[in-house]
>>> print(open('protein.cif').read())   # mmCIF, C-alpha atoms
data_upload
#
loop_
_atom_site.label_atom_id
_atom_site.label_comp_id
_atom_site.auth_asym_id
_atom_site.auth_seq_id
_atom_site.Cartn_x
_atom_site.Cartn_y
_atom_site.Cartn_z
CA MET A 1 10.31 -12.44 -15.21
CA GLN A 2 7.80 -9.71 -15.84
CA CYS A 3 5.22 -8.94 -13.18
CA ASN A 4 1.88 -8.20 -14.76
CA PRO A 5 -0.09 -5.39 -13.12
CA GLN A 6 -3.45 -6.12 -11.57
CA ALA A 7 -6.70 -4.51 -12.72
CA GLN A 8 -6.92 -2.00 -9.85
CA GLN A 9 -3.33 -0.94 -10.47
CA VAL A 10 -4.15 -0.22 -14.11
CA VAL A 11 -7.20 1.81 -13.10
CA VAL A 12 -5.17 3.80 -10.55
CA GLY A 13 -2.47 4.37 -13.19
CA ILE A 14 -5.01 5.65 -15.72
CA ALA A 15 -6.57 7.96 -13.11
CA ALA A 16 -3.12 9.26 -12.11
CA VAL A 17 -2.27 10.02 -15.75
CA LEU A 18 -5.60 11.81 -16.28
CA VAL A 19 -5.11 13.91 -13.14
CA GLY A 20 -1.51 14.70 -14.09
CA CYS A 21 -2.53 15.78 -17.60
CA GLY A 22 -5.33 17.90 -16.18
CA VAL A 23 -2.98 19.61 -13.72
CA ALA A 24 -0.43 20.24 -16.48
CA SER A 25 -2.97 21.74 -18.88
CA PHE A 26 -4.59 23.89 -16.19
CA SER A 27 -1.19 25.14 -15.04
CA VAL A 28 -0.26 26.13 -18.59
CA TYR A 29 -3.64 27.89 -18.93
CA LEU A 30 -3.04 29.79 -15.69
CA ALA A 31 0.50 30.69 -16.78
CA CYS A 32 -0.84 32.18 -20.03
CA HIS A 33 -3.86 33.82 -18.44
CA ASN A 34 -2.11 35.34 -15.41
CA HIS A 35 1.25 35.97 -17.13
CA ASN A 36 2.98 34.22 -14.22
CA TRP A 37 5.71 31.79 -15.26
CA ILE A 38 5.78 30.12 -11.84
CA HIS A 39 2.72 28.11 -12.91
CA LEU A 40 4.96 26.44 -15.50
CA ILE A 41 6.98 24.80 -12.71
CA THR A 42 3.82 22.99 -11.66
CA ALA A 43 3.15 22.04 -15.29
CA VAL A 44 6.66 20.60 -15.69
CA GLY A 45 6.25 18.63 -12.47
CA ALA A 46 2.92 17.23 -13.67
CA VAL A 47 4.44 16.21 -17.01
CA VAL A 48 7.34 14.47 -15.25
CA PHE A 49 4.81 12.73 -12.99
CA VAL A 50 2.86 11.48 -16.01
CA ALA A 51 6.09 10.30 -17.65
CA GLY A 52 6.99 8.44 -14.46
CA VAL A 53 3.62 6.70 -14.30
CA VAL A 54 3.59 5.80 -18.00
CA GLY A 55 7.23 4.70 -18.14
CA GLN A 56 7.22 2.67 -14.95
CA ARG A 57 8.51 -0.86 -15.35
CA ALA A 58 6.95 -3.69 -13.39
CA TYR A 59 9.87 -6.11 -13.42
CA GLY A 60 10.57 -8.11 -10.34
CA PRO A 61 14.16 -8.83 -9.35
CA THR A 62 15.39 -12.20 -10.53
CA GLN A 63 18.52 -14.20 -9.94
CA ASP A 64 18.63 -15.54 -13.52
CA PRO A 65 21.62 -13.89 -15.28
CA ALA A 66 20.13 -14.76 -18.69
CA MET A 67 17.20 -12.47 -17.90
CA TRP A 68 19.56 -9.57 -17.14
CA ALA A 69 20.73 -9.51 -20.75
CA PHE A 70 17.20 -8.93 -22.04
CA CYS A 71 15.95 -6.88 -19.16
CA PRO A 72 18.51 -4.76 -17.31
CA ALA A 73 15.78 -3.74 -14.88
CA ALA A 74 15.63 -7.32 -13.64
CA SER A 75 19.07 -7.04 -12.08
CA PRO A 76 18.71 -6.84 -8.31
CA ASP A 77 22.02 -4.95 -8.00
CA HIS A 78 21.44 -2.11 -10.48
CA PRO A 79 17.83 -1.10 -10.89
CA GLY A 80 17.40 1.75 -13.36
CA VAL A 81 15.49 4.94 -12.70
CA TRP A 82 12.39 3.42 -14.31
CA ALA A 83 12.65 0.09 -12.47
CA ALA A 84 13.48 1.39 -8.99
CA SER A 85 10.26 2.05 -7.16
CA LEU A 86 8.94 2.70 -3.71
CA THR A 87 6.09 0.59 -2.42
CA LEU A 88 3.13 2.23 -0.73
CA PRO A 89 1.91 -0.53 1.59
CA ALA A 90 -1.39 1.14 2.46
CA LEU A 91 -2.41 1.29 -1.20
CA GLY A 92 -0.55 -1.74 -2.48
CA LEU A 93 1.11 0.28 -5.24
CA ALA A 94 4.67 0.74 -6.40
CA VAL A 95 5.54 4.31 -7.38
CA SER A 96 8.55 4.98 -9.62
CA THR A 97 11.19 7.47 -8.59
CA VAL A 98 10.49 9.55 -11.70
CA ALA A 99 6.82 9.90 -10.70
CA LEU A 100 7.82 10.93 -7.18
CA ALA A 101 10.28 13.48 -8.55
CA GLY A 102 7.51 14.93 -10.72
CA LEU A 103 5.18 15.06 -7.74
CA PHE A 104 7.80 16.94 -5.69
CA ILE A 105 8.45 19.40 -8.55
CA ALA A 106 4.71 20.05 -8.87
CA VAL A 107 4.40 20.65 -5.12
CA ILE A 108 7.34 23.07 -5.26
CA GLY A 109 5.60 24.89 -8.13
CA ILE A 110 2.33 25.12 -6.21
CA CYS A 111 4.17 26.44 -3.14
CA GLY A 112 5.95 28.99 -5.32
CA VAL A 113 2.65 30.18 -6.74
CA LEU A 114 1.10 30.47 -3.28
CA ILE A 115 4.08 32.40 -1.94
CA PHE A 116 4.83 34.72 -4.87
CA GLU A 117 1.43 35.26 -6.54
CA PRO A 118 0.39 38.88 -6.04
CA VAL A 119 -3.02 39.45 -4.53
CA ARG A 120 -5.28 41.32 -6.93
CA GLY A 121 -6.81 44.53 -5.63
CA ALA A 122 -4.26 44.98 -2.86
CA ASP A 123 -2.14 47.54 -4.73
CA ASP A 124 -3.01 50.52 -2.54
CA GLY A 125 -3.25 48.55 0.71
CA SER A 126 -6.83 49.55 1.47
CA ALA A 127 -10.06 47.77 0.68
CA ALA A 128 -12.64 49.52 -1.46
CA LEU A 129 -15.49 50.89 0.62
CA PRO A 130 -18.97 49.84 -0.42
CA GLU A 131 -21.08 52.51 -2.05
CA ARG A 132 -23.74 54.09 0.16
CA PHE A 133 -27.34 53.45 -0.77
CA GLU A 134 -28.24 57.14 -0.57
CA ASP A 135 -25.50 58.08 -3.05
CA ALA A 136 -26.74 55.57 -5.64
CA ASP A 137 -30.31 56.95 -5.69
CA THR A 138 -31.22 57.51 -9.34
CA VAL A 139 -34.96 58.21 -8.92
#
>>> encode(input="protein.cif", output="structure tokens")
Amino acid sequence: MQCNPQAQQVVVGIAAVLVGCGVASFSVYLACHNHNWIHLITAVGAVVFVAGVVGQRAYGPTQDPAMWAFCPAASPDHPGVWAASLTLPALGLAVSTVALAGLFIAVIGICGVLIFEPVRGADDGSAALPERFEDADTV
């Protein structure tokens, strides 16, 4: 018994994959550009999120034991990591546990960047004073 996704669920899934890929690529760019490896934690979280969205199974639990042989995710007693999902009632979506784990890893990476990223220009502890207009007179 396979539950077919609806059109809006497919569109939301495609948008989530595009956003996850964009976050992963931008995080890798920032890691290379800023030489800060903490950005890679966000990239790993985004990749796990994309894998969770792409690999999510939409099987509904069934009581037919013959179906369990072909589809272990259909067993109501032992859902796998790809079949177990949490339902978001406000959006009408089911989110896999792998996607949620990726989202949490990405949030931890973003928090790590915000906490440990050094502020540029704050090495000496004082702000640069603006140049006086009279000192810049070249006429």
>>> atom_distance(input="protein.cif", atom1="CA of Gly45 (chain A)", atom2="CA of Glu117 (chain A)")
18.3 Å
>>> residues_around(input="protein.cif", residues="Ala43 (chain A)", least_positions_apart="6", cutoff="7 Å", atoms="all atoms listed in the file", output="MDAnalysis selection string")
chainID A and resid 23:24 27:28 106
>>> atom_distance(input="protein.cif", atom1="CA of Ala51 (chain A)", atom2="CA of Phe116 (chain A)")
27.6 Å
>>> residues_around(input="protein.cif", residues="Ile41 (chain A)", least_positions_apart="6", cutoff="12 Å", atoms="only C-alpha atoms", output="PyMOL selection string")
chain A and resi 23-24+27-28+30-31+47-48+102-113
>>> atom_distance(input="protein.cif", atom1="CA of Leu18 (chain A)", atom2="CA of Val95 (chain A)")
16.1 Å
>>> closest_residue(input="protein.cif", among="A:Thr87, A:Thr42, A:Asn34, A:Gln8", to="Gly22 (chain A)", atoms="only C-alpha atoms")
A:Thr42
>>> residues_near_point(input="protein.cif", point="(4.2, 6.5, -19.0)", cutoff="12 Å", atoms="all atoms listed in the file", output="JSON, numbers by chain")
{"A": [10, 13, 14, 16, 17, 18, 20, 21, 47, 48, 49, 50, 51, 52, 53, 54, 55, 56, 57, 58, 82, 95, 96, 98, 99]}
